[in-house]
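Asker: Have a peek at target-v4.tsv (TSV, N, CA and C atoms).
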```tsv
chain	number	residue	atom	x	y	z
A	1	MET	N	0.83	-1.18	0.00
A	1	MET	CA	0.00	0.00	0.00
A	1	MET	C	0.88	1.25	0.00
A	2	THR	N	0.55	2.19	-0.85
A	2	THR	CA	1.31	3.42	-0.97
A	2	THR	C	0.74	4.49	-0.04
A	3	PHE	N	1.63	5.25	0.59
A	3	PHE	CA	1.21	6.33	1.47
A	3	PHE	C	0.68	7.49	0.63
A	4	ASP	N	-0.45	8.05	1.02
A	4	ASP	CA	-1.04	9.20	0.36
A	4	ASP	C	-0.57	10.46	1.07
A	5	ALA	N	0.28	11.23	0.41
A	5	ALA	CA	0.87	12.42	1.03
A	5	ALA	C	-0.17	13.45	1.43
A	6	SER	N	-1.34	13.43	0.79
A	6	SER	CA	-2.38	14.38	1.19
A	6	SER	C	-2.87	14.12	2.62
A	7	ASP	N	-2.58	12.93	3.14
A	7	ASP	CA	-2.91	12.67	4.54
A	7	ASP	C	-2.15	13.59	5.48
A	8	PHE	N	-0.96	14.06	5.06
A	8	PHE	CA	-0.22	15.04	5.86
A	8	PHE	C	-1.02	16.34	5.98
A	9	LEU	N	-1.68	16.75	4.88
A	9	LEU	CA	-2.49	17.97	4.93
A	9	LEU	C	-3.66	17.81	5.88
A	10	ASP	N	-4.30	16.67	5.82
A	10	ASP	CA	-5.41	16.41	6.74
A	10	ASP	C	-4.94	16.47	8.19
A	11	LEU	N	-3.79	15.87	8.45
A	11	LEU	CA	-3.23	15.88	9.81
A	11	LEU	C	-2.91	17.32	10.25
A	12	ALA	N	-2.31	18.09	9.36
A	12	ALA	CA	-1.97	19.48	9.69
A	12	ALA	C	-3.22	20.27	10.07
A	13	GLU	N	-4.27	20.08	9.31
A	13	GLU	CA	-5.51	20.78	9.59
A	13	GLU	C	-6.08	20.36	10.94
A	14	ARG	N	-6.08	19.07	11.23
A	14	ARG	CA	-6.59	18.59	12.52
A	14	ARG	C	-5.76	19.14	13.68
A	15	ILE	N	-4.44	19.21	13.49
A	15	ILE	CA	-3.56	19.72	14.55
A	15	ILE	C	-3.92	21.15	14.90
A	16	VAL	N	-4.02	22.03	13.90
A	16	VAL	CA	-4.28	23.44	14.22
A	16	VAL	C	-5.71	23.69	14.68
A	17	LEU	N	-6.63	22.79	14.36
A	17	LEU	CA	-8.00	22.94	14.85
A	17	LEU	C	-8.11	22.51	16.31
A	18	GLN	N	-7.24	21.61	16.73
A	18	GLN	CA	-7.32	21.07	18.08
A	18	GLN	C	-6.41	21.77	19.08
A	19	GLU	N	-5.36	22.40	18.58
A	19	GLU	CA	-4.38	22.98	19.50
A	19	GLU	C	-3.77	24.22	18.88
A	20	THR	N	-3.55	25.24	19.70
A	20	THR	CA	-3.01	26.50	19.18
A	20	THR	C	-1.63	26.83	19.74
A	21	THR	N	-0.92	25.84	20.20
A	21	THR	CA	0.43	26.09	20.73
A	21	THR	C	1.40	26.29	19.57
A	22	GLU	N	2.54	26.88	19.87
A	22	GLU	CA	3.55	27.05	18.83
A	22	GLU	C	4.04	25.70	18.32
A	23	ALA	N	4.17	24.73	19.20
A	23	ALA	CA	4.60	23.40	18.77
A	23	ALA	C	3.61	22.81	17.76
A	24	ALA	N	2.33	22.99	18.01
A	24	ALA	CA	1.31	22.48	17.09
A	24	ALA	C	1.40	23.21	15.76
A	25	PHE	N	1.56	24.52	15.81
A	25	PHE	CA	1.63	25.32	14.59
A	25	PHE	C	2.87	24.94	13.78
A	26	ARG	N	4.01	24.79	14.45
A	26	ARG	CA	5.23	24.39	13.74
A	26	ARG	C	5.07	23.01	13.12
A	27	THR	N	4.44	22.10	13.83
A	27	THR	CA	4.23	20.75	13.30
A	27	THR	C	3.30	20.79	12.09
A	28	ALA	N	2.25	21.59	12.17
A	28	ALA	CA	1.32	21.71	11.05
A	28	ALA	C	2.00	22.30	9.82
A	29	ILE	N	2.84	23.30	10.01
A	29	ILE	CA	3.59	23.88	8.89
A	29	ILE	C	4.47	22.82	8.25
A	30	SER	N	5.17	22.06	9.06
A	30	SER	CA	6.06	21.03	8.54
A	30	SER	C	5.29	19.97	7.76
A	31	ARG	N	4.19	19.50	8.32
A	31	ARG	CA	3.39	18.47	7.63
A	31	ARG	C	2.79	19.02	6.34
A	32	SER	N	2.35	20.28	6.36
A	32	SER	CA	1.80	20.90	5.14
A	32	SER	C	2.86	20.99	4.05
A	33	TYR	N	4.04	21.44	4.45
A	33	TYR	CA	5.11	21.54	3.46
A	33	TYR	C	5.42	20.17	2.85
A	34	TYR	N	5.58	19.17	3.69
A	34	TYR	CA	5.96	17.86	3.15
A	34	TYR	C	4.86	17.26	2.29
A	35	ALA	N	3.61	17.52	2.61
A	35	ALA	CA	2.53	17.06	1.74
A	35	ALA	C	2.67	17.69	0.36
A	36	CYS	N	2.84	19.00	0.34
A	36	CYS	CA	2.96	19.71	-0.94
A	36	CYS	C	4.22	19.30	-1.69
A	37	HIS	N	5.31	19.13	-0.96
A	37	HIS	CA	6.56	18.71	-1.60
A	37	HIS	C	6.40	17.33	-2.25
A	38	LEU	N	5.86	16.38	-1.50
A	38	LEU	CA	5.72	15.02	-2.02
A	38	LEU	C	4.74	14.96	-3.19
A	39	LEU	N	3.62	15.67	-3.06
A	39	LEU	CA	2.65	15.69	-4.15
A	39	LEU	C	3.21	16.40	-5.38
A	40	GLY	N	3.91	17.50	-5.15
A	40	GLY	CA	4.53	18.22	-6.26
A	40	GLY	C	5.62	17.43	-6.94
A	41	ARG	N	6.42	16.75	-6.14
A	41	ARG	CA	7.49	15.92	-6.70
A	41	ARG	C	6.92	14.85	-7.62
A	42	GLU	N	5.86	14.20	-7.18
A	42	GLU	CA	5.26	13.14	-7.99
A	42	GLU	C	4.55	13.70	-9.22
A	43	SER	N	3.83	14.80	-9.05
A	43	SER	CA	3.13	15.41	-10.19
A	43	SER	C	4.10	15.86	-11.27
A	44	THR	N	5.18	16.52	-10.86
A	44	THR	CA	6.14	17.00	-11.86
A	44	THR	C	6.92	15.84	-12.47
A	45	ARG	N	7.13	14.78	-11.72
A	45	ARG	CA	7.78	13.59	-12.28
A	45	ARG	C	6.90	12.98	-13.37
A	46	LEU	N	5.62	12.85	-13.08
A	46	LEU	CA	4.69	12.28	-14.05
A	46	LEU	C	4.58	13.12	-15.33
A	47	LYS	N	4.74	14.43	-15.19
A	47	LYS	CA	4.71	15.32	-16.35
A	47	LYS	C	6.02	15.32	-17.13
A	48	GLY	N	7.05	14.68	-16.57
A	48	GLY	CA	8.35	14.68	-17.23
A	48	GLY	C	9.17	15.93	-16.99
A	49	TRP	N	8.74	16.73	-16.02
A	49	TRP	CA	9.44	17.97	-15.70
A	49	TRP	C	10.58	17.76	-14.72
A	50	PHE	N	10.52	16.69	-13.95
A	50	PHE	CA	11.42	16.53	-12.81
A	50	PHE	C	11.78	15.07	-12.62
A	51	ALA	N	13.06	14.83	-12.39
A	51	ALA	CA	13.54	13.48	-12.09
A	51	ALA	C	14.09	13.50	-10.67
A	52	PRO	N	13.28	13.15	-9.67
A	52	PRO	CA	13.73	13.22	-8.28
A	52	PRO	C	14.91	12.30	-8.02
A	53	ARG	N	15.79	12.76	-7.14
A	53	ARG	CA	16.93	11.94	-6.72
A	53	ARG	C	16.65	11.31	-5.36
A	54	HIS	N	15.53	11.69	-4.78
A	54	HIS	CA	15.13	11.21	-3.44
A	54	HIS	C	16.21	11.51	-2.41
A	55	SER	N	16.67	12.76	-2.47
A	55	SER	CA	17.66	13.25	-1.53
A	55	SER	C	17.25	14.66	-1.11
A	56	GLY	N	18.02	15.25	-0.22
A	56	GLY	CA	17.75	16.60	0.23
A	56	GLY	C	17.80	17.63	-0.88
A	57	GLU	N	18.50	17.31	-1.96
A	57	GLU	CA	18.60	18.23	-3.10
A	57	GLU	C	17.26	18.41	-3.80
A	58	ASP	N	16.35	17.48	-3.63
A	58	ASP	CA	15.05	17.57	-4.31
A	58	ASP	C	14.24	18.79	-3.90
A	59	HIS	N	14.43	19.29	-2.69
A	59	HIS	CA	13.63	20.41	-2.22
A	59	HIS	C	13.86	21.65	-3.08
A	60	ARG	N	15.10	22.06	-3.22
A	60	ARG	CA	15.41	23.25	-4.03
A	60	ARG	C	15.23	22.95	-5.53
A	61	ALA	N	15.54	21.73	-5.94
A	61	ALA	CA	15.39	21.37	-7.35
A	61	ALA	C	13.91	21.43	-7.76
A	62	LEU	N	13.03	20.95	-6.90
A	62	LEU	CA	11.60	21.01	-7.21
A	62	LEU	C	11.16	22.46	-7.34
A	63	LEU	N	11.63	23.32	-6.45
A	63	LEU	CA	11.28	24.74	-6.55
A	63	LEU	C	11.71	25.34	-7.88
A	64	ARG	N	12.91	25.00	-8.32
A	64	ARG	CA	13.38	25.51	-9.62
A	64	ARG	C	12.47	25.05	-10.76
A	65	VAL	N	12.05	23.80	-10.72
A	65	VAL	CA	11.16	23.26	-11.74
A	65	VAL	C	9.80	23.97	-11.69
A	66	LEU	N	9.29	24.14	-10.49
A	66	LEU	CA	7.99	24.82	-10.36
A	66	LEU	C	8.07	26.25	-10.85
A	67	ARG	N	9.15	26.95	-10.55
A	67	ARG	CA	9.31	28.33	-11.03
A	67	ARG	C	9.28	28.40	-12.55
A	68	ALA	N	9.79	27.38	-13.19
A	68	ALA	CA	9.84	27.35	-14.66
A	68	ALA	C	8.49	27.00	-15.29
A	69	HIS	N	7.60	26.37	-14.52
A	69	HIS	CA	6.38	25.84	-15.13
A	69	HIS	C	5.06	26.37	-14.58
A	70	VAL	N	5.05	26.92	-13.38
A	70	VAL	CA	3.78	27.35	-12.79
A	70	VAL	C	3.90	28.74	-12.17
A	71	SER	N	2.77	29.43	-12.15
A	71	SER	CA	2.78	30.81	-11.63
A	71	SER	C	2.76	30.88	-10.11
A	72	TRP	N	2.36	29.82	-9.43
A	72	TRP	CA	2.22	29.86	-7.98
A	72	TRP	C	3.42	29.30	-7.22
A	73	SER	N	4.56	29.20	-7.86
A	73	SER	CA	5.74	28.62	-7.21
A	73	SER	C	6.15	29.37	-5.94
A	74	SER	N	5.80	30.64	-5.86
A	74	SER	CA	6.16	31.42	-4.65
A	74	SER	C	5.48	30.85	-3.41
A	75	GLN	N	4.33	30.20	-3.55
A	75	GLN	CA	3.67	29.58	-2.40
A	75	GLN	C	4.50	28.42	-1.87
A	76	MET	N	5.09	27.65	-2.76
A	76	MET	CA	5.95	26.55	-2.32
A	76	MET	C	7.22	27.10	-1.68
A	77	ASP	N	7.74	28.17	-2.24
A	77	ASP	CA	8.93	28.80	-1.68
A	77	ASP	C	8.63	29.27	-0.25
A	78	LEU	N	7.47	29.88	-0.06
A	78	LEU	CA	7.06	30.34	1.27
A	78	LEU	C	6.93	29.15	2.22
A	79	LEU	N	6.28	28.09	1.78
A	79	LEU	CA	6.13	26.92	2.64
A	79	LEU	C	7.48	26.33	3.03
A	80	LEU	N	8.43	26.30	2.10
A	80	LEU	CA	9.76	25.78	2.42
A	80	LEU	C	10.43	26.65	3.48
A	81	LYS	N	10.37	27.96	3.32
A	81	LYS	CA	10.97	28.86	4.30
A	81	LYS	C	10.32	28.70	5.67
A	82	LEU	N	9.01	28.60	5.67
A	82	LEU	CA	8.31	28.41	6.94
A	82	LEU	C	8.68	27.08	7.58
A	83	ARG	N	8.78	26.03	6.77
A	83	ARG	CA	9.16	24.71	7.29
A	83	ARG	C	10.56	24.76	7.86
A	84	GLU	N	11.48	25.42	7.17
A	84	GLU	CA	12.85	25.53	7.68
A	84	GLU	C	12.86	26.29	9.00
A	85	HIS	N	12.09	27.36	9.08
A	85	HIS	CA	12.01	28.11	10.33
A	85	HIS	C	11.41	27.23	11.43
A	86	ALA	N	10.30	26.58	11.12
A	86	ALA	CA	9.61	25.76	12.12
A	86	ALA	C	10.48	24.63	12.64
A	87	ASP	N	11.25	24.02	11.76
A	87	ASP	CA	12.03	22.85	12.15
A	87	ASP	C	13.43	23.16	12.68
A	88	TYR	N	14.04	24.24	12.23
A	88	TYR	CA	15.45	24.47	12.55
A	88	TYR	C	15.73	25.66	13.44
A	89	HIS	N	14.82	26.59	13.56
A	89	HIS	CA	15.11	27.81	14.31
A	89	HIS	C	14.41	27.82	15.67
A	90	VAL	N	14.42	26.70	16.33
A	90	VAL	CA	13.70	26.59	17.60
A	90	VAL	C	14.42	27.27	18.76
A	91	ASP	N	15.71	27.41	18.68
A	91	ASP	CA	16.47	28.03	19.76
A	91	ASP	C	16.88	29.47	19.46
A	92	ALA	N	16.49	29.97	18.31
A	92	ALA	CA	16.92	31.30	17.91
A	92	ALA	C	16.17	32.37	18.70
A	93	ARG	N	16.86	33.47	18.93
A	93	ARG	CA	16.26	34.58	19.66
A	93	ARG	C	15.26	35.31	18.77
A	94	PRO	N	14.06	35.60	19.25
A	94	PRO	CA	13.07	36.32	18.44
A	94	PRO	C	13.55	37.72	18.10
A	95	THR	N	13.06	38.27	17.00
A	95	THR	CA	13.42	39.63	16.60
A	95	THR	C	12.75	40.65	17.51
A	96	THR	N	11.55	40.35	17.97
A	96	THR	CA	10.85	41.24	18.89
A	96	THR	C	10.26	40.40	20.03
A	97	PRO	N	10.15	40.98	21.22
A	97	PRO	CA	9.58	40.22	22.34
A	97	PRO	C	8.19	39.67	22.01
A	98	GLY	N	7.99	38.40	22.32
A	98	GLY	CA	6.70	37.77	22.09
A	98	GLY	C	6.47	37.28	20.67
A	99	SER	N	7.44	37.50	19.80
A	99	SER	CA	7.29	37.08	18.40
A	99	SER	C	7.84	35.67	18.20
A	100	PRO	N	7.15	34.85	17.38
A	100	PRO	CA	7.69	33.52	17.09
A	100	PRO	C	8.76	33.56	16.00
A	101	ILE	N	9.11	34.76	15.54
A	101	ILE	CA	10.04	34.90	14.43
A	101	ILE	C	11.45	35.13	14.94
A	102	CYS	N	12.37	34.32	14.50
A	102	CYS	CA	13.75	34.44	14.96
A	102	CYS	C	14.54	35.42	14.10
A	103	GLN	N	15.68	35.82	14.61
A	103	GLN	CA	16.52	36.78	13.89
A	103	GLN	C	17.00	36.26	12.55
A	104	HIS	N	17.12	34.94	12.38
A	104	HIS	CA	17.57	34.37	11.11
A	104	HIS	C	16.55	34.58	10.00
A	105	CYS	N	15.30	34.73	10.36
A	105	CYS	CA	14.23	34.82	9.36
A	105	CYS	C	13.78	36.26	9.10
A	106	ALA	N	14.28	37.21	9.85
A	106	ALA	CA	13.82	38.58	9.72
A	106	ALA	C	14.07	39.15	8.32
A	107	ALA	N	15.11	38.70	7.65
A	107	ALA	CA	15.46	39.25	6.34
A	107	ALA	C	14.37	39.03	5.30
A	108	TRP	N	13.60	37.96	5.42
A	108	TRP	CA	12.53	37.73	4.43
A	108	TRP	C	11.14	37.99	4.99
A	109	ASN	N	11.08	38.82	6.00
A	109	ASN	CA	9.82	39.23	6.61
A	109	ASN	C	9.01	38.02	7.07
A	110	ALA	N	9.62	37.22	7.89
A	110	ALA	CA	8.98	36.00	8.36
A	110	ALA	C	7.74	36.28	9.19
A	111	SER	N	7.66	37.41	9.84
A	111	SER	CA	6.47	37.71	10.63
A	111	SER	C	5.24	37.73	9.73
A	112	ALA	N	5.34	38.41	8.61
A	112	ALA	CA	4.23	38.42	7.65
A	112	ALA	C	4.01	37.03	7.08
A	113	ALA	N	5.08	36.28	6.88
A	113	ALA	CA	4.96	34.93	6.33
A	113	ALA	C	4.20	34.01	7.29
A	114	TRP	N	4.45	34.12	8.59
A	114	TRP	CA	3.71	33.30	9.56
A	114	TRP	C	2.22	33.63	9.45
A	115	ASP	N	1.91	34.94	9.36
A	115	ASP	CA	0.51	35.34	9.23
A	115	ASP	C	-0.08	34.80	7.93
A	116	ASP	N	0.68	34.89	6.84
A	116	ASP	CA	0.22	34.35	5.56
A	116	ASP	C	-0.02	32.85	5.65
A	117	ALA	N	0.83	32.16	6.38
A	117	ALA	CA	0.72	30.70	6.49
A	117	ALA	C	-0.60	30.31	7.14
A	118	ARG	N	-1.05	31.12	8.07
A	118	ARG	CA	-2.33	30.81	8.71
A	118	ARG	C	-3.48	30.89	7.71
A	119	GLU	N	-3.26	31.66	6.63
A	119	GLU	CA	-4.29	31.83	5.61
A	119	GLU	C	-4.19	30.80	4.49
A	120	LEU	N	-3.05	30.08	4.40
A	120	LEU	CA	-2.89	29.10	3.34
A	120	LEU	C	-3.90	27.98	3.52
A	121	PRO	N	-4.58	27.62	2.46
A	121	PRO	CA	-5.54	26.52	2.60
A	121	PRO	C	-4.81	25.20	2.79
A	122	THR	N	-5.22	24.47	3.80
A	122	THR	CA	-4.59	23.16	4.01
A	122	THR	C	-5.37	22.07	3.31
A	123	SER	N	-6.53	22.39	2.78
A	123	SER	CA	-7.32	21.36	2.11
A	123	SER	C	-6.95	21.20	0.64
A	124	SER	N	-6.21	22.16	0.08
A	124	SER	CA	-5.78	22.01	-1.31
A	124	SER	C	-4.33	22.44	-1.41
A	125	CYS	N	-3.55	21.59	-1.98
A	125	CYS	CA	-2.11	21.83	-2.06
A	125	CYS	C	-1.76	22.39	-3.43
A	126	PRO	N	-1.02	23.50	-3.49
A	126	PRO	CA	-0.67	24.07	-4.80
A	126	PRO	C	0.24	23.14	-5.60
A	127	SER	N	0.88	22.20	-4.95
A	127	SER	CA	1.76	21.30	-5.68
A	127	SER	C	1.03	20.19	-6.42
A	128	CYS	N	-0.26	20.11	-6.22
A	128	CYS	CA	-1.02	19.10	-6.96
A	128	CYS	C	-1.21	19.60	-8.38
A	129	VAL	N	-0.15	19.58	-9.14
A	129	VAL	CA	-0.15	20.12	-10.50
A	129	VAL	C	-1.09	19.26	-11.35
A	130	LYS	N	-2.16	19.83	-11.76
A	130	LYS	CA	-3.15	19.10	-12.54
A	130	LYS	C	-2.85	19.21	-14.02
```
Could you spell out this file's structure in structure tokens?

Answerer:
Amino acid sequence: MTFDASDFLDLAERIVLQETTEAAFRTAISRSYYACHLLGRESTRLKGWFAPRHSGEDHRALLRVLRAHVSWSSQMDLLLKLREHADYHVDARPTTPGSPICQHCAAWNASAAWDDARELPTSSCPSCVK
């Protein structure tokens, strides 16, 4: 049986509906990104646009392919940045008191990106290239 990556989106939605902690939000961002990444990787592979190596290089490589073929690639770029922040910047000092945004992310206006992420639909993934 093959894993359906869209199940990550369902999980992300359930997490944020049930809990509003930063840990829950970071986990939901991560699961949302991976759902979109996996679905996008498979969709672009099927179209002949992308040959995944199934390594860490696929993340940036998929973004390059999406930029060349679709107008909404910036949404995937945002999700990747948010996922990196959520997963790797847990010990970083916030830019402002009470902010979940660390100093490493201030350069790309991560505060606005966190707010934007709350608005991203988790029920439909932009990487589902139809």

Asker: Could you tell me how far atom N of Tyr33 in chain A sits from atom N of Phe8 in chain A, in Å to one decimal place?

Answerer: 8.9 Å

Asker: Interatomic distance between CA of Lys47 in chain A and atom C of Glu13 in chain A?

Answerer: 29.8 Å

Asker: So which one's closest to Leu79 in chain A, A:Ala12, A:Ile29, A:Ala23, A:Ala61? Using all atoms listed in the file, please.

Answerer: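 Among the listed residues, A:Ile29 lies closest to Leu79 in chain A.
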
Asker: Quick one, how far is atom C of Tyr34 in chain A from CA of Leu9 in chain A?

Answerer: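 Interatomic distance, atom C of Tyr34 in chain A to CA of Leu9 in chain A: 7.8 Å.
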
Asker: Measuring atom to atom with only C-alpha atoms, identify which of A:His85, A:Ile15, A:His37, A:Phe25 is nearest to Gly56 in chain A.

Answerer: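 Closest candidate: A:His37.
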